[in-house]
There are 4 protein chains.
Amino acid sequence: MNSSEQKNTAILLISCPDRKGIDTALTRFVSEHEGNILHFDQHVDLQQNVFFMRIEWDLDGFTVPPEQIHAHMAPLALDFNMTWQLFFSRDVQRMALFVSKMPHCLFDVLARVESREWRVEIPLIISNHETLRPLAERFNLPFYCLPVNAENKEVQERKQLELLQEHRIDFVVLARYMQILSPLLIEAYPRKIINIHHSFLPAFPGAKPYHSAYARGVKLIGATSHYVTEELDAGPIIEQGTIHVSHKDTVEDFVRKGRDLEKTVLGRAVWAHHQHKIITYHNKTVILD
Amino acid sequence: MNSSEQKNTAILLISCPDRKGIDTALTRFVSEHEGNILHFDQHVDLQQNVFFMRIEWDLDGFTVPPEQIHAHMAPLALDFNMTWQLFFSRDVQRMALFVSKMPHCLFDVLARVESREWRVEIPLIISNHETLRPLAERFNLPFYCLPVNAENKEVQERKQLELLQEHRIDFVVLARYMQILSPLLIEAYPRKIINIHHSFLPAFPGAKPYHSAYARGVKLIGATSHYVTEELDAGPIIEQGTIHVSHKDTVEDFVRKGRDLEKTVLGRAVWAHHQHKIITYHNKTVILD
Amino acid sequence: MNSSEQKNTAILLISCPDRKGIDTALTRFVSEHEGNILHFDQHVDLQQNVFFMRIEWDLDGFTVPPEQIHAHMAPLALDFNMTWQLFFSRDVQRMALFVSKMPHCLFDVLARVESREWRVEIPLIISNHETLRPLAERFNLPFYCLPVNAENKEVQERKQLELLQEHRIDFVVLARYMQILSPLLIEAYPRKIINIHHSFLPAFPGAKPYHSAYARGVKLIGATSHYVTEELDAGPIIEQGTIHVSHKDTVEDFVRKGRDLEKTVLGRAVWAHHQHKIITYHNKTVILD
Amino acid sequence: MNSSEQKNTAILLISCPDRKGIDTALTRFVSEHEGNILHFDQHVDLQQNVFFMRIEWDLDGFTVPPEQIHAHMAPLALDFNMTWQLFFSRDVQRMALFVSKMPHCLFDVLARVESREWRVEIPLIISNHETLRPLAERFNLPFYCLPVNAENKEVQERKQLELLQEHRIDFVVLARYMQILSPLLIEAYPRKIINIHHSFLPAFPGAKPYHSAYARGVKLIGATSHYVTEELDAGPIIEQGTIHVSHKDTVEDFVRKGRDLEKTVLGRAVWAHHQHKIITYHNKTVILD
């Protein structure tokens with residue numbers, strides 16, 4: 001039913017200095033080998049003179065076998081000085097979840113995976129609390145509780161990293177994990193750790209943004225999904241949303257209303273990431289279709 | 001300051017049956033003549049097998065003189081069975097306004113034109129009432145009052161058509177005109193007459209949509225900008241918007257809140273049209289960047 | 001943690017012909033018995049001359065025992081010709097779910113109940129398919145599969161009604177049930193059956209609204225939560241939402257994007273209903289805080 | 001046509017420490033003198049224990065003459081320790097506009113006033129540039145150009161203050177004035193100077209917020225209307241809005257799209273202010289209907 005299941009496509013994500021003829025070269029590469037282009041989207045940052053492209057084509061009938069595409073692309077990529085990534089829609093992405101005590105984002109993510117809205121597997125869930133273990137077990141998902149405090153942080157993060165590597169994790173989703181990751185993890189998964197922050201960043205970074213928003217008297221609250229970088233809540237933004245609040249709303253109402261926003265914004269970000277639609281540069285994202 | 005003023009670009013809008021190599025052929029056409037592509041957007045309707053493209057390139061340095069581009073493109077267009085249009089950003093579009101008694105959309109359009117947000121001229125305003133003549137005069141714009149009733153409709157529309165042709169009008173904006181146009185005008189300006197309807201179509205077509213929305217007890221009201229076709233409020237939709245209303249809002253509140261929506265939605269539609277971003281097919285619009 | 005748990009309040013929902021002194025009489029009733037008003041919201045429909053009010057007060061310190069409030073209110077209600085309902089926040093509402101094959105709304109509702117966002121119990125889930133039984137079982141919820149077809153509809157609906165009555169159900173949520181209810185059920189639970197329809201009603205009622213929306217070429221899709229009445233998709237609207245779509249979105253994209261909207265809109269409607277914030281009249285809702 | 005024109009009502013805005021019986025006392029005050037309450041809205045900040053109310057009633061039939069209402073209210077106000085304001089819908093508010101070079105907000109405000117959407121007069125426009133004088137003159141509005149620089153700021157602000165006082169200004173709208181006001185003016189018009197800032201505050205206060213938003217790579221831009229206080233862009237927020245942007249949008253696109261948001265957000269704020277719907281406290285606004 002879900003079209004992503006039946007697809008057998010290759011996806012190229014490319015960025016390089018802008019130069020005449022890039023798109024011609026790339027579409028020709030696919031066309032010449034009988035590839036049927038299904039999606040083609042490009043962007044040029046004229047200020048920075050950078051070219052971005054996502055191209056997705058049907059592998060049925062494509063005359064280059066999947067395992068040789070990389071080698072075929074290499075000279076072209078070299079010629080144009082490309083940063084590039086090649087993905088196959090048949091490969092199921094392996095996603096790790098980091099959670100804490102709040103269940104709403106975890107629930108929502110599990111629902112999307114179970115109902116095959118996303119083409120991902122969840123080899124493991126990592127938490128610093130036992131709270132959500134029963135929920136994980138109900139979905140038969142391995143749950144590792146690694147409580148983190150000031151003293152054991154480095155040790156626990158090493159264990160987290162080992163778990164991620166052992167389970168061959170492709171990307172990590174912090175589903176309201178509430179802990180700051182150290183460079184160890186961030187550098188091991190660059191632009192592969194997605195966080196959901198419960199404010200419209202750059203407003204209200206850090207802890208308790210709903211309380212800060214309430215104190216400031218804002219008329220809208222937001223949520224931001226971004227890639228985690230070493231600076232807290234300052235990584236490339238993938239998706240944002242806001243909704244109106246009023247003087248009638250208490251902090252508890254902000255929290256309740258914000259949950260729906262967090263779920264939706266995180267959902268869209270993970271969709272874009274696992275469908276290989278995102279290229280990052282200069283601490284920004286380009287989201288191609 | 002407004003970048004649209006300084007630009008000297010050519011814009012191609014193309015639709016044709018989807019076939020391998022179209023985009024390669026088109027980008028090569030521009031590249032081969034030293035054209036620097038500034039915007040390139042394409043879309044394929046996989047169900048209908050139709051290819052759409054907008055390509056905009058800098059004419060500075062382009063080796064084909066503007067007046068010969070058409071001839072150069074012709075064989076390619078024939079080869080791929082293209083429906084195509086060529087525009088130059090230097091050409092100022094000539095826009096006619098049709099108004100009735102309500103001033104808010106007229107005011108908003110005049111403000112955008114005056115402040116050079118849009119690159120258009122307004123050679124004339126046509127109305128079926130005298131109400132807005134003072135406003136037109138304040139902006140030194142020719143104002144033709146052609147009252148329309150059941151008996152004189154055909155005569156008046158002929159006059160309207162003559163005026164449009166005489167002033168070499170490129171496209172028409174119905175800024176809350178409140179009259180149904182007959183085929184005479186619609187056929188003379190196919191996909192060139194833009195209406196703003198004060199509901200989220202297809203809900204509440206026809207007269208008094210705010211009253212109908214109020215009677216139905218909806219929790220959001222909307223506005224829709226679309227190209228005018230012979231079937232009332234059923235033409236290709238360009239842009240839509242909605243805002244929340246509550247039980248506290250009276251019909252008058254709907255009207256007041258809706259005005260802001262109408263202005264914004266119409267504004268976006270005219271922007272897309274006059275920047276040559278819209279292709280229509282099967283009673284739909286493709287809006288390319 | 002969730003403030004609704006600790007509250008011990010009484011809630012009065014009132015509508016009556018508008019007359020001077022109603023609010024004075026009602027606030028005095030509460031004040032005179034030492035009740036501390038926590039929420040007070042009123043509305044007057046000046047066209048229809050109807051007065052609406054929701055008043056919520058703390059029962060701690062209130063000098064009238066809960067079981068006697070009804071008797072105390074009766075003369076006042078008679079005097080002002082009120083239609084009125086009295087609720088206690090301590091009473092957990094008993095909600096039945098009707099589902100079909102699609103899991104997203106069921107998942108979302110279960111997540112809200114499990115995490116105590118809502119103060120409701122789910123005594124049973126009714127479905128016309130076996131599809132979602134495993135999900136119900138994972139949450140230890142009784143699941144009754146009553147396949148409905150043209151021949152057995154009346155028999156099955158009688159069984160549904162018996163189940164609802166046997167489990168003392170307060171209200172019913174159709175979480176994408178995809179069957180039209182007959183008057184038997186609707187009359188047994190007037191303004192107590194909440195549906196989520198996947199369009200911005202009154203546009204696209206009935207089956208396959210996303211397909212109709214796609215065919216029409218709309219630029220936004222919506223969801224509507226409403227009370228079920230005998231006329232299909234025409235009952236009092238509780239909550240609506242819309243999001244933008246573009247020519248790039250296929251019907252499958254509409255379905256995917258729409259799911260998030262359905263979950264959110266249904267979630268807000270059930271919140272308002274089970275917090276006793278909704279009064280219906282003239283096929284509309286007044287939603288008081 | 002515009003209902004606000006025909007109304008002959010009194011409006012009370014009240015805040016005071018929360019205590020039992022306030023609303024009873026107030027609604028009784030109106031009812032006892034045969035006043036027909038048209039709008040009644042209240043709010044209690046349970047954390048701060050503050051009560052807020054707006055009550056609007058028809059003066060036709062009210063047995064206390066308008067000029068004596070103040071004296072009648074005084075004992076009640078004293079009793080409950082109220083901060084209160086009394087307004088009459090017949091009084092046309094006198095609004096001063098401060099502008100700089102950008103015309104879009106000025107245009108939009110003039111359009112609303114001209115079309116009687118708002119019940120205000122514009123006795124004067126003050127600017128630090130000559131740019132918008134022709135526009136002011138087209139609407140026959142007095143235009144005072146008082147260029148401000150570091151040296152003459154105090155002198156010019158004294159002149160501005162004199163002009164405001166001489167023209168008996170009720171409130172001031174900074175329609176993209178782009179200058180920081182000094183305490184002299186702010187203290188003379190406390191909670192009576194409305195600014196529109198082109199970001200979703202508290203993100204991007206100060207100069208060039210669109211540029212900062214672009215640099216940060218946000219996925220939504222915003223606008224905030226707030227009362228001016230001595231701390232820059234930190235006064236009580238009246239209204240906010242956001243719209244989505246993408247990697248395709250340049251800073252110029254942010255500016256263009258943001259204009260519509262600024263107009264709408266400022267429009268709603270001025271509506272709420274001049275309809276006497278706003279009470280401020282603790283650097284926040286309560287907006288009552």
# chains A, B, ... in the order shown; residues from 1 in each chain; ligands from 1

call {"tool": "residues_around", "arguments": {"residues": "His211 (chain C)", "least_positions_apart": "4", "cutoff": "12 Å", "atoms": "only C-alpha atoms", "output": "ChimeraX atom specification"}}
result
/C:198-199,204-207,215-218,221,249-255,258

call {"tool": "write_last_selection", "arguments": {"atoms": "N, CA, C and O atoms", "output": "PDB file, in the first residue's frame"}}
result
ATOM      1  N   HIS C 198     -11.610  13.476   6.909  1.00  0.00           N
ATOM      2  CA  HIS C 198     -10.351  13.930   6.341  1.00  0.00           C
ATOM      3  C   HIS C 198     -10.515  14.932   5.212  1.00  0.00           C
ATOM      4  O   HIS C 198      -9.933  14.782   4.135  1.00  0.00           O
ATOM      5  N   SER C 199     -11.259  15.996   5.486  1.00  0.00           N
ATOM      6  CA  SER C 199     -11.318  17.150   4.583  1.00  0.00           C
ATOM      7  C   SER C 199     -11.764  18.356   5.394  1.00  0.00           C
ATOM      8  O   SER C 199     -12.234  18.217   6.516  1.00  0.00           O
ATOM      9  N   PHE C 204     -15.756  18.352   0.180  1.00  0.00           N
ATOM     10  CA  PHE C 204     -15.414  16.930   0.103  1.00  0.00           C
ATOM     11  C   PHE C 204     -16.009  16.070   1.225  1.00  0.00           C
ATOM     12  O   PHE C 204     -15.271  15.401   1.950  1.00  0.00           O
ATOM     13  N   PRO C 205     -17.315  16.084   1.414  1.00  0.00           N
ATOM     14  CA  PRO C 205     -17.902  15.118   2.338  1.00  0.00           C
ATOM     15  C   PRO C 205     -17.871  13.731   1.692  1.00  0.00           C
ATOM     16  O   PRO C 205     -17.551  13.597   0.513  1.00  0.00           O
ATOM     17  N   GLY C 206     -18.192  12.714   2.493  1.00  0.00           N
ATOM     18  CA  GLY C 206     -18.316  11.361   1.957  1.00  0.00           C
ATOM     19  C   GLY C 206     -16.993  10.679   1.723  1.00  0.00           C
ATOM     20  O   GLY C 206     -15.980  11.016   2.332  1.00  0.00           O
ATOM     21  N   ALA C 207     -16.996   9.717   0.811  1.00  0.00           N
ATOM     22  CA  ALA C 207     -15.842   8.830   0.631  1.00  0.00           C
ATOM     23  C   ALA C 207     -14.714   9.497  -0.154  1.00  0.00           C
ATOM     24  O   ALA C 207     -14.938  10.367  -0.981  1.00  0.00           O
ATOM     25  N   ALA C 215      -8.008  15.678  -7.239  1.00  0.00           N
ATOM     26  CA  ALA C 215      -8.611  15.901  -8.564  1.00  0.00           C
ATOM     27  C   ALA C 215      -8.955  17.376  -8.764  1.00  0.00           C
ATOM     28  O   ALA C 215      -8.819  17.907  -9.864  1.00  0.00           O
ATOM     29  N   ARG C 216      -9.393  18.048  -7.702  1.00  0.00           N
ATOM     30  CA  ARG C 216      -9.770  19.459  -7.816  1.00  0.00           C
ATOM     31  C   ARG C 216      -8.545  20.364  -7.880  1.00  0.00           C
ATOM     32  O   ARG C 216      -8.630  21.527  -8.242  1.00  0.00           O
ATOM     33  N   GLY C 217      -7.390  19.869  -7.458  1.00  0.00           N
ATOM     34  CA  GLY C 217      -6.194  20.700  -7.509  1.00  0.00           C
ATOM     35  C   GLY C 217      -6.138  21.730  -6.401  1.00  0.00           C
ATOM     36  O   GLY C 217      -5.619  22.831  -6.605  1.00  0.00           O
ATOM     37  N   VAL C 218      -6.632  21.412  -5.221  1.00  0.00           N
ATOM     38  CA  VAL C 218      -6.587  22.373  -4.110  1.00  0.00           C
ATOM     39  C   VAL C 218      -5.145  22.592  -3.661  1.00  0.00           C
ATOM     40  O   VAL C 218      -4.268  21.760  -3.902  1.00  0.00           O
ATOM     41  N   ILE C 221      -5.131  20.984   2.158  1.00  0.00           N
ATOM     42  CA  ILE C 221      -6.016  19.893   2.555  1.00  0.00           C
ATOM     43  C   ILE C 221      -6.356  20.089   4.026  1.00  0.00           C
ATOM     44  O   ILE C 221      -5.671  20.828   4.743  1.00  0.00           O
ATOM     45  N   ASP C 249       2.753  17.113  -4.562  1.00  0.00           N
ATOM     46  CA  ASP C 249       2.152  16.088  -3.713  1.00  0.00           C
ATOM     47  C   ASP C 249       1.206  15.190  -4.500  1.00  0.00           C
ATOM     48  O   ASP C 249       0.298  15.666  -5.187  1.00  0.00           O
ATOM     49  N   THR C 250       1.423  13.899  -4.377  1.00  0.00           N
ATOM     50  CA  THR C 250       0.513  12.918  -4.959  1.00  0.00           C
ATOM     51  C   THR C 250      -0.632  12.655  -3.984  1.00  0.00           C
ATOM     52  O   THR C 250      -0.620  13.144  -2.857  1.00  0.00           O
ATOM     53  N   VAL C 251      -1.589  11.857  -4.405  1.00  0.00           N
ATOM     54  CA  VAL C 251      -2.655  11.467  -3.476  1.00  0.00           C
ATOM     55  C   VAL C 251      -2.048  10.798  -2.249  1.00  0.00           C
ATOM     56  O   VAL C 251      -2.493  11.024  -1.119  1.00  0.00           O
ATOM     57  N   GLU C 252      -1.013  10.002  -2.444  1.00  0.00           N
ATOM     58  CA  GLU C 252      -0.369   9.321  -1.309  1.00  0.00           C
ATOM     59  C   GLU C 252       0.248  10.345  -0.346  1.00  0.00           C
ATOM     60  O   GLU C 252       0.225  10.152   0.866  1.00  0.00           O
ATOM     61  N   ASP C 253       0.801  11.416  -0.892  1.00  0.00           N
ATOM     62  CA  ASP C 253       1.344  12.475  -0.032  1.00  0.00           C
ATOM     63  C   ASP C 253       0.219  13.166   0.745  1.00  0.00           C
ATOM     64  O   ASP C 253       0.384  13.500   1.912  1.00  0.00           O
ATOM     65  N   PHE C 254      -0.907  13.389   0.059  1.00  0.00           N
ATOM     66  CA  PHE C 254      -2.070  13.976   0.756  1.00  0.00           C
ATOM     67  C   PHE C 254      -2.440  13.089   1.948  1.00  0.00           C
ATOM     68  O   PHE C 254      -2.661  13.570   3.062  1.00  0.00           O
ATOM     69  N   VAL C 255      -2.507  11.797   1.698  1.00  0.00           N
ATOM     70  CA  VAL C 255      -2.904  10.848   2.747  1.00  0.00           C
ATOM     71  C   VAL C 255      -1.908  10.903   3.909  1.00  0.00           C
ATOM     72  O   VAL C 255      -2.291  10.967   5.071  1.00  0.00           O
ATOM     73  N   GLY C 258      -2.043  14.320   5.595  1.00  0.00           N
ATOM     74  CA  GLY C 258      -3.337  14.462   6.241  1.00  0.00           C
ATOM     75  C   GLY C 258      -3.426  13.708   7.560  1.00  0.00           C
ATOM     76  O   GLY C 258      -4.126  14.134   8.481  1.00  0.00           O
TER      77      GLY C 258
END

call {"tool": "select_by_dssp", "arguments": {"residues": "region 23-111 of chain B", "states": "strand (DSSP E or B)", "output": "ChimeraX atom specification"}}
result
/B:36-45,50-58,83-88,93-99

call {"tool": "write_last_selection", "arguments": {"atoms": "C-alpha atoms", "output": "mmCIF file, in the first residue's frame"}}
result
data_model
loop_
_atom_site.group_PDB
_atom_site.id
_atom_site.type_symbol
_atom_site.label_atom_id
_atom_site.label_comp_id
_atom_site.auth_asym_id
_atom_site.auth_seq_id
_atom_site.Cartn_x
_atom_site.Cartn_y
_atom_site.Cartn_z
ATOM 1 C CA ASN B 36 23.881 31.227 -16.726
ATOM 2 C CA ILE B 37 20.874 29.374 -15.269
ATOM 3 C CA LEU B 38 19.515 31.241 -12.237
ATOM 4 C CA HIS B 39 16.409 29.176 -11.543
ATOM 5 C CA PHE B 40 15.518 25.743 -12.721
ATOM 6 C CA ASP B 41 12.482 23.865 -11.505
ATOM 7 C CA GLN B 42 10.725 20.895 -12.999
ATOM 8 C CA HIS B 43 7.891 18.582 -12.185
ATOM 9 C CA VAL B 44 6.610 15.347 -13.616
ATOM 10 C CA ASP B 45 3.034 14.231 -13.186
ATOM 11 C CA VAL B 50 3.355 15.138 -18.290
ATOM 12 C CA PHE B 51 6.614 17.041 -17.860
ATOM 13 C CA PHE B 52 6.705 20.658 -16.663
ATOM 14 C CA MET B 53 9.635 23.009 -16.477
ATOM 15 C CA ARG B 54 10.517 26.592 -15.670
ATOM 16 C CA ILE B 55 14.001 27.744 -16.502
ATOM 17 C CA GLU B 56 15.277 31.275 -15.977
ATOM 18 C CA TRP B 57 18.670 32.391 -17.144
ATOM 19 C CA ASP B 58 20.728 35.533 -17.300
ATOM 20 C CA THR B 83 3.618 23.678 -25.181
ATOM 21 C CA TRP B 84 5.855 26.578 -24.320
ATOM 22 C CA GLN B 85 6.027 30.250 -23.475
ATOM 23 C CA LEU B 86 8.994 32.608 -23.460
ATOM 24 C CA PHE B 87 9.139 35.695 -21.249
ATOM 25 C CA PHE B 88 11.691 38.411 -20.560
ATOM 26 C CA GLN B 93 3.384 43.191 -17.459
ATOM 27 C CA ARG B 94 0.282 45.268 -18.100
ATOM 28 C CA MET B 95 -2.430 44.437 -15.566
ATOM 29 C CA ALA B 96 -6.064 45.539 -15.667
ATOM 30 C CA LEU B 97 -8.069 45.682 -12.455
ATOM 31 C CA PHE B 98 -11.783 44.957 -12.196
ATOM 32 C CA VAL B 99 -13.347 46.234 -8.997
#

call {"tool": "interface_residues", "arguments": {"of": "chain B", "to": "chain C", "cutoff": "9 Å", "atoms": "only C-alpha atoms", "output": "PyMOL selection string"}}
result
chain B and resi 43-45+200-204+213+215-220+224+234+236-244+246-248+250+282-287

call {"tool": "atom_distance", "arguments": {"atom1": "CA of Glu32 (chain D)", "atom2": "CA of Phe62 (chain D)"}}
result
9.2 Å

call {"tool": "atom_distance", "arguments": {"atom1": "CA of Glu230 (chain D)", "atom2": "CA of Leu181 (chain D)"}}
result
7.9 Å

call {"tool": "select_by_dssp", "arguments": {"residues": "region 110-258 of chain A", "states": "alpha helix (DSSP H)", "output": "PyMOL selection string"}}
result
chain A and resi 110-114+133-138+153-166+183-188+209-216+251-258

call {"tool": "residues_around", "arguments": {"residues": "Thr24 (chain B)", "least_positions_apart": "2", "cutoff": "10 Å", "atoms": "only C-alpha atoms", "output": "count of residues only"}}
result
16

call {"tool": "residues_around", "arguments": {"residues": "Arg112 (chain C)", "least_positions_apart": "6", "cutoff": "12 Å", "atoms": "only C-alpha atoms", "output": "ChimeraX atom specification"}}
result
/A:102-108,256,259-260 /C:2,105-106,118-122,263-264,266-268,270-271

call {"tool": "atom_distance", "arguments": {"atom1": "CA of Ser100 (chain D)", "atom2": "CA of Thr131 (chain D)"}}
result
7.5 Å

call {"tool": "closest_residue", "arguments": {"among": "D:Glu187, D:Asp91, D:Glu130, D:Glu166", "to": "Thr229 (chain D)", "atoms": "only C-alpha atoms"}}
result
D:Glu187

call {"tool": "decode", "arguments": {"residues": "region 7-89 of chain B", "atoms": "C-alpha atoms", "output": "PDB file, in the first residue's frame"}}
result
ATOM      1  CA  LYS B   7      17.302  41.489 -13.650  1.00  0.00           C
ATOM      2  CA  ASN B   8      17.742  40.882 -17.342  1.00  0.00           C
ATOM      3  CA  THR B   9      16.633  37.313 -17.730  1.00  0.00           C
ATOM      4  CA  ALA B  10      14.727  35.026 -20.039  1.00  0.00           C
ATOM      5  CA  ILE B  11      12.115  32.627 -18.651  1.00  0.00           C
ATOM      6  CA  LEU B  12      10.865  29.500 -20.390  1.00  0.00           C
ATOM      7  CA  LEU B  13       7.691  27.749 -19.234  1.00  0.00           C
ATOM      8  CA  ILE B  14       7.266  24.333 -20.780  1.00  0.00           C
ATOM      9  CA  SER B  15       4.917  21.390 -20.604  1.00  0.00           C
ATOM     10  CA  CYS B  16       5.070  18.287 -22.775  1.00  0.00           C
ATOM     11  CA  PRO B  17       4.633  14.522 -22.670  1.00  0.00           C
ATOM     12  CA  ASP B  18       7.308  13.119 -20.368  1.00  0.00           C
ATOM     13  CA  ARG B  19      10.217  11.552 -22.194  1.00  0.00           C
ATOM     14  CA  LYS B  20      13.804  10.806 -21.332  1.00  0.00           C
ATOM     15  CA  GLY B  21      16.236  13.592 -22.056  1.00  0.00           C
ATOM     16  CA  ILE B  22      13.985  16.634 -21.996  1.00  0.00           C
ATOM     17  CA  ASP B  23      15.751  18.349 -19.147  1.00  0.00           C
ATOM     18  CA  THR B  24      19.137  17.477 -20.595  1.00  0.00           C
ATOM     19  CA  ALA B  25      18.124  18.988 -23.914  1.00  0.00           C
ATOM     20  CA  LEU B  26      16.826  22.164 -22.298  1.00  0.00           C
ATOM     21  CA  THR B  27      19.667  22.824 -19.906  1.00  0.00           C
ATOM     22  CA  ARG B  28      22.089  22.067 -22.740  1.00  0.00           C
ATOM     23  CA  PHE B  29      20.326  24.623 -24.952  1.00  0.00           C
ATOM     24  CA  VAL B  30      20.987  27.310 -22.357  1.00  0.00           C
ATOM     25  CA  SER B  31      24.481  26.159 -21.422  1.00  0.00           C
ATOM     26  CA  GLU B  32      25.696  25.854 -24.987  1.00  0.00           C
ATOM     27  CA  HIS B  33      24.928  29.501 -25.611  1.00  0.00           C
ATOM     28  CA  GLU B  34      26.747  30.610 -22.455  1.00  0.00           C
ATOM     29  CA  GLY B  35      23.544  31.225 -20.504  1.00  0.00           C
ATOM     30  CA  ASN B  36      23.881  31.227 -16.726  1.00  0.00           C
ATOM     31  CA  ILE B  37      20.874  29.374 -15.269  1.00  0.00           C
ATOM     32  CA  LEU B  38      19.515  31.241 -12.237  1.00  0.00           C
ATOM     33  CA  HIS B  39      16.409  29.176 -11.543  1.00  0.00           C
ATOM     34  CA  PHE B  40      15.518  25.743 -12.721  1.00  0.00           C
ATOM     35  CA  ASP B  41      12.482  23.865 -11.505  1.00  0.00           C
ATOM     36  CA  GLN B  42      10.725  20.895 -12.999  1.00  0.00           C
ATOM     37  CA  HIS B  43       7.891  18.582 -12.185  1.00  0.00           C
ATOM     38  CA  VAL B  44       6.610  15.347 -13.616  1.00  0.00           C
ATOM     39  CA  ASP B  45       3.034  14.231 -13.186  1.00  0.00           C
ATOM     40  CA  LEU B  46       3.701  10.503 -13.213  1.00  0.00           C
ATOM     41  CA  GLN B  47       0.028   9.640 -13.417  1.00  0.00           C
ATOM     42  CA  GLN B  48      -0.617  11.765 -16.481  1.00  0.00           C
ATOM     43  CA  ASN B  49       2.915  11.411 -17.815  1.00  0.00           C
ATOM     44  CA  VAL B  50       3.355  15.138 -18.290  1.00  0.00           C
ATOM     45  CA  PHE B  51       6.614  17.041 -17.860  1.00  0.00           C
ATOM     46  CA  PHE B  52       6.705  20.658 -16.663  1.00  0.00           C
ATOM     47  CA  MET B  53       9.635  23.009 -16.477  1.00  0.00           C
ATOM     48  CA  ARG B  54      10.517  26.592 -15.670  1.00  0.00           C
ATOM     49  CA  ILE B  55      14.001  27.744 -16.502  1.00  0.00           C
ATOM     50  CA  GLU B  56      15.277  31.275 -15.977  1.00  0.00           C
ATOM     51  CA  TRP B  57      18.670  32.391 -17.144  1.00  0.00           C
ATOM     52  CA  ASP B  58      20.728  35.533 -17.300  1.00  0.00           C
ATOM     53  CA  LEU B  59      20.733  37.201 -20.704  1.00  0.00           C
ATOM     54  CA  ASP B  60      24.027  38.940 -19.984  1.00  0.00           C
ATOM     55  CA  GLY B  61      26.589  36.892 -21.847  1.00  0.00           C
ATOM     56  CA  PHE B  62      23.966  34.714 -23.542  1.00  0.00           C
ATOM     57  CA  THR B  63      25.088  34.380 -27.151  1.00  0.00           C
ATOM     58  CA  VAL B  64      21.616  34.234 -28.690  1.00  0.00           C
ATOM     59  CA  PRO B  65      20.002  37.682 -28.945  1.00  0.00           C
ATOM     60  CA  PRO B  66      16.610  37.853 -27.197  1.00  0.00           C
ATOM     61  CA  GLU B  67      14.683  38.258 -30.424  1.00  0.00           C
ATOM     62  CA  GLN B  68      16.204  35.089 -31.858  1.00  0.00           C
ATOM     63  CA  ILE B  69      15.621  32.800 -28.862  1.00  0.00           C
ATOM     64  CA  HIS B  70      12.195  31.921 -30.110  1.00  0.00           C
ATOM     65  CA  ALA B  71      13.512  30.699 -33.421  1.00  0.00           C
ATOM     66  CA  HIS B  72      16.313  28.770 -31.746  1.00  0.00           C
ATOM     67  CA  MET B  73      13.896  27.021 -29.396  1.00  0.00           C
ATOM     68  CA  ALA B  74      11.343  26.122 -32.068  1.00  0.00           C
ATOM     69  CA  PRO B  75      12.956  22.912 -33.371  1.00  0.00           C
ATOM     70  CA  LEU B  76      13.546  21.606 -29.868  1.00  0.00           C
ATOM     71  CA  ALA B  77       9.964  22.409 -28.915  1.00  0.00           C
ATOM     72  CA  LEU B  78       8.691  20.625 -31.985  1.00  0.00           C
ATOM     73  CA  ASP B  79      10.874  17.627 -31.310  1.00  0.00           C
ATOM     74  CA  PHE B  80       9.480  17.159 -27.813  1.00  0.00           C
ATOM     75  CA  ASN B  81       5.942  18.257 -28.662  1.00  0.00           C
ATOM     76  CA  MET B  82       6.169  21.096 -26.164  1.00  0.00           C
ATOM     77  CA  THR B  83       3.618  23.678 -25.181  1.00  0.00           C
ATOM     78  CA  TRP B  84       5.855  26.578 -24.320  1.00  0.00           C
ATOM     79  CA  GLN B  85       6.027  30.250 -23.475  1.00  0.00           C
ATOM     80  CA  LEU B  86       8.994  32.608 -23.460  1.00  0.00           C
ATOM     81  CA  PHE B  87       9.139  35.695 -21.249  1.00  0.00           C
ATOM     82  CA  PHE B  88      11.691  38.411 -20.560  1.00  0.00           C
ATOM     83  CA  SER B  89      12.028  39.899 -17.105  1.00  0.00           C
TER      84      SER B  89
END
